[in-house]
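Have a look at the structure below, then the notes.
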Amino acid sequence: MSPVPRGRGLGDPNMRDRLYELLEHDPLAYSAGSRFIQVIIGVIVLNVIAMVLASVPELDARFGTLFEAITILSVIVFALEYVARMWTVAGHTQRKGSALSDRLGYAFSALGIIDLMAFLPAAIALATGRHATLAALGVLPFFKLVRYSPAMRSLLAAVHAERRALIGCIVILIGAVLTFASLLYAIERDVQPDKLGTIPQAMWWAIVTLGTVGYGDVVPVTPLGKFVSTFAIISGFAMIALPVAIISTAFAEEVKRRDFVVTWGMLARVPLFSHLSAAEIADIMRLLRARTVEQGEVLVRRGDAASSMYFITAGEVEIALPSQHVRLSDGTFFGEIALLHKTKRSGTVTATRKTRLLVLDAQDFHALIARMPTLADHVHTTAKARLADTGDLALAELAQAEQEDTDR
């Protein structure tokens with residue numbers, strides 16, 4: 001995207017697009033978007049800590065002014081972020097509606113409501129001077145982390161995907177509560193009229209028992225009541241295990257889908273694979289293996305036999321070539337020429353920070369193209385096109401391979 005010319009104001013659509021990209025689609029490490037996310041997360045953590053500590057009278061009396069200043073700063077930051085998101089969302093939704101409908105869609109979305117609740121109740125509490133209420137609202141900004149945490153988003157997506165099954169679990173739980181509460185009411189209403197004299201009172205016992213909490217404030221005293229309680233306790237284990245199993249399975253599937261999409265997107269950008277069908281790319285994905293290298297760890301050394309290509313899913317590596325040093329980060333790849341020519345590495349690759357990689361061995365690749373003629377047809381043509389790229393081992397490796405062929 002071209003830079004915004006000087007002299008243009010907030011009405012410039014290019015500036016709105018750039019700000020939207022900063023807020024929504026610029027999460028790469030060390031980018032402006034990642035720094036913005038770090039600032040927002042820092043403000044969230046600082047605000048929540050200040051709110052929690054402000055509930056302690058001794059600390060509030062000593063540092064009350066500091067806590068209030070942190071709250072005011074947080075309200076300002078969250079309010080500005082909300083206004084910026086409201087302004088930039090126009091024209092960036094799938095509905096392709098008017099600017100007003102786009103903004104209303106954001107305002108009434110789950111994330112929009114969370115963004116609003118992160119600052120509006122606190123602003124009202126500050127204006128009215130209700131400090132006790134302000135401390136109680138300290139947890140609200142914490143929910144903004146949903147926007148910046150892939151794990152939390154995946155969990156919410158899993159719950160949403162299995163909402164019908166979870167609603168079914170709630171219906172079953174309500175039925176179990178009513179059943180056991182009615183039984184115990186019928187058995188012990190005359191023995192414990194103050195605790196189990198009504199079905200609503202017995203429902204409290206049933207909920208606590210089925211939840212395996214067992215406060216002990218209400219317990220059956222008759223043999224038949226204890227017998228019913230035994231079945232209630234056993235049923236409680238099933239009541240807990242059922243939704244937990246549903247959510248955990250759905251969460252695992254959601255994480256797999258997210259990783260699948262990320263890996264698919266990376267492979268589709270590789271020139272060697274860009275012309276392949278979906279089935280062929282999926283075939284390659286099954287051959288990938290994950291690897292994690294720590295900061296400072298050497299991945300390959302100059303002179304090593306080249307037998308794999310690497311995809312960087314998170315982190316950064318530095319390639320020390322004879323004439324230059326090049327850094328590659330998230331979404332990039334290197335060493336793909338090794339899939340064509342078993343040469344020696346022309347540079348040393350070192351992780352500059354903890355890095356996660358996907359590795360494709362040359363042996364697996366050659367076995368793959370043996371059964372995929374379309375891939376074999378594109379290999380040499382696409383590899384030559386890769387020479388136009390700089391900052392990778394491809395150019396030096398291919399040149400080395402061609403020189404070895406000439407010498408032979």
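Letters for chains follow the order of the structure tokens (A, B, ...), residue numbers begin at 1 for each chain, and ligand numbers begin at 1 in the order shown.
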
Can you pull out the residues contacting Pro121 of chain A? Cut-off 9 Å, using only C-alpha atoms, and skip same-chain residues under 4 positions away; I want them as a list in words. Leu116, Met117, Ala125, Leu126, Leu134, Leu137 and Leu140 of chain A

Export, as a short mmCIF file (atom, residue, chain, number, x, y, z; two decimals), in the first residue's frame, the selected residues with N, CA and C atoms.
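Generated file (part-v9.cif):
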```
data_model
loop_
_atom_site.label_atom_id
_atom_site.label_comp_id
_atom_site.auth_asym_id
_atom_site.auth_seq_id
_atom_site.Cartn_x
_atom_site.Cartn_y
_atom_site.Cartn_z
N LEU A 116 -16.18 -1.55 24.43
CA LEU A 116 -16.93 -0.46 25.05
C LEU A 116 -16.96 -0.61 26.57
N MET A 117 -17.22 -1.83 27.06
CA MET A 117 -17.31 -2.06 28.49
C MET A 117 -15.96 -1.93 29.19
N ALA A 125 -17.96 5.63 36.62
CA ALA A 125 -17.60 5.55 38.04
C ALA A 125 -16.66 6.67 38.44
N LEU A 126 -15.71 7.01 37.55
CA LEU A 126 -14.82 8.14 37.84
C LEU A 126 -15.59 9.45 37.92
N LEU A 134 -15.75 1.39 41.11
CA LEU A 134 -14.64 1.41 40.17
C LEU A 134 -13.73 0.20 40.37
N LEU A 137 -15.17 -2.94 38.95
CA LEU A 137 -15.18 -3.00 37.49
C LEU A 137 -13.80 -3.31 36.91
N LEU A 140 -13.25 -5.94 34.00
CA LEU A 140 -13.80 -5.78 32.64
C LEU A 140 -12.73 -5.60 31.57
#
```

Just the residues within 12 Å of Ile233 of chain A, please, counting only C-alpha atoms, with nothing from its chain fewer than 5 positions along; format it as a ChimeraX atom specification. /A:176-177,180,205-214,226-228,238-240

Now that the selection is made, can you save its residues with C-alpha atoms as a PDB file, in the first residue's frame?
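The resulting file, selection-v2.pdb, is shown below:
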```pdb
ATOM      1  CA  ALA A 176     -31.160 -34.067  37.114  1.00  0.00           C
ATOM      2  CA  VAL A 177     -31.401 -31.210  39.624  1.00  0.00           C
ATOM      3  CA  PHE A 180     -32.965 -35.427  42.812  1.00  0.00           C
ATOM      4  CA  TRP A 205     -28.644 -29.323  47.858  1.00  0.00           C
ATOM      5  CA  ALA A 206     -28.985 -30.993  44.435  1.00  0.00           C
ATOM      6  CA  ILE A 207     -26.919 -28.330  42.664  1.00  0.00           C
ATOM      7  CA  VAL A 208     -24.136 -28.499  45.269  1.00  0.00           C
ATOM      8  CA  THR A 209     -24.128 -32.304  45.211  1.00  0.00           C
ATOM      9  CA  LEU A 210     -24.215 -32.684  41.427  1.00  0.00           C
ATOM     10  CA  GLY A 211     -21.442 -30.099  41.182  1.00  0.00           C
ATOM     11  CA  THR A 212     -19.355 -32.304  43.520  1.00  0.00           C
ATOM     12  CA  VAL A 213     -18.755 -29.276  45.746  1.00  0.00           C
ATOM     13  CA  GLY A 214     -20.401 -30.642  48.877  1.00  0.00           C
ATOM     14  CA  LYS A 226     -28.386 -41.017  51.867  1.00  0.00           C
ATOM     15  CA  PHE A 227     -29.063 -43.721  49.288  1.00  0.00           C
ATOM     16  CA  VAL A 228     -30.482 -41.129  46.868  1.00  0.00           C
ATOM     17  CA  ALA A 238     -21.094 -37.440  34.589  1.00  0.00           C
ATOM     18  CA  MET A 239     -22.544 -33.909  34.687  1.00  0.00           C
ATOM     19  CA  ILE A 240     -19.019 -32.487  34.896  1.00  0.00           C
TER      20      ILE A 240
END
```

Do you know which residues are at most 9 Å from Ile114 of chain A counting only C-alpha atoms, after dropping those on the same chain fewer than 2 positions away, and could you put them as a list in words? Ser109, Ala110, Leu111, Gly112, Leu116, Met117, Ala118, Leu140, Pro141, Phe143 and Lys144 of chain A

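Residues lying within 6 Å of segment 361-369 of chain A, counting only C-alpha atoms and ignoring same-chain neighbours fewer than 5 positions away, are Ser307, Ser308, Leu339, Leu375 and Ala376 of chain A.
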
I need the residues of segment 25-147 of chain A that end up classed as alpha helix (DSSP H) by DSSP on the backbone, written out as a PyMOL selection string. chain A and resi 32-54+57-88+99-107+110-117+120-128+131-136+145-147

Residue nearest Gln192 of chain A among A:Val221, A:Ile246, A:Ala165, A:Ile172 (counting only C-alpha atoms): A:Val221

Just how far from atom CA of Ala107 of chain A is atom CA of Ile76 of chain A, in Å to one decimal? 18.1 Å

List the neighbours of Gly315 of chain A out to 6 Å using only C-alpha atoms; skip same-chain residues closer than 6 positions along the sequence, and give me the result as a list of chain:residue names.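 What passes the distance filter is A:Ser329, A:Asp330, A:Lys354, A:Thr355.
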
For Met285 of chain A: contacts at 9 Å, only C-alpha atoms, fewer than 5 positions along chain excluded, given as number ranges by chain: A: 260, 263-264, 267, 280, 360

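Using only C-alpha atoms, the residues found no farther than 9 Å from segment 148-163 of chain A, other than those of its own chain fewer than 6 positions away, are Ile37, Ile41, Ile246, Ile247, Ser248, Thr249, Ala250, Phe251, Ala252, Glu253, Glu254, Val255 and Arg258 of chain A.
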
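Coordinates place atom CA of Ser55 of chain A at a distance of 18.7 Å from atom CA of Val43 of chain A.
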
State, in Å with one decimal place, the distance from atom CA of Asp259 of chain A to atom CA of Leu166 of chain A. 24.9 Å

Just asking: which residues within segment 149-344 of chain A are strand (DSSP E) according to DSSP, as a PyMOL selection string? chain A and resi 289-293+298-300+308-314+316-320+325-329+333-334

A:Arg345, A:Gly64, A:Pro57, A:Phe119 ranked by distance to Val83 of chain A, top pick (using only C-alpha atoms):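 Checking each of A:Arg345, A:Gly64, A:Pro57, A:Phe119 against Val83 of chain A, counting only C-alpha atoms, the winner is A:Phe119.
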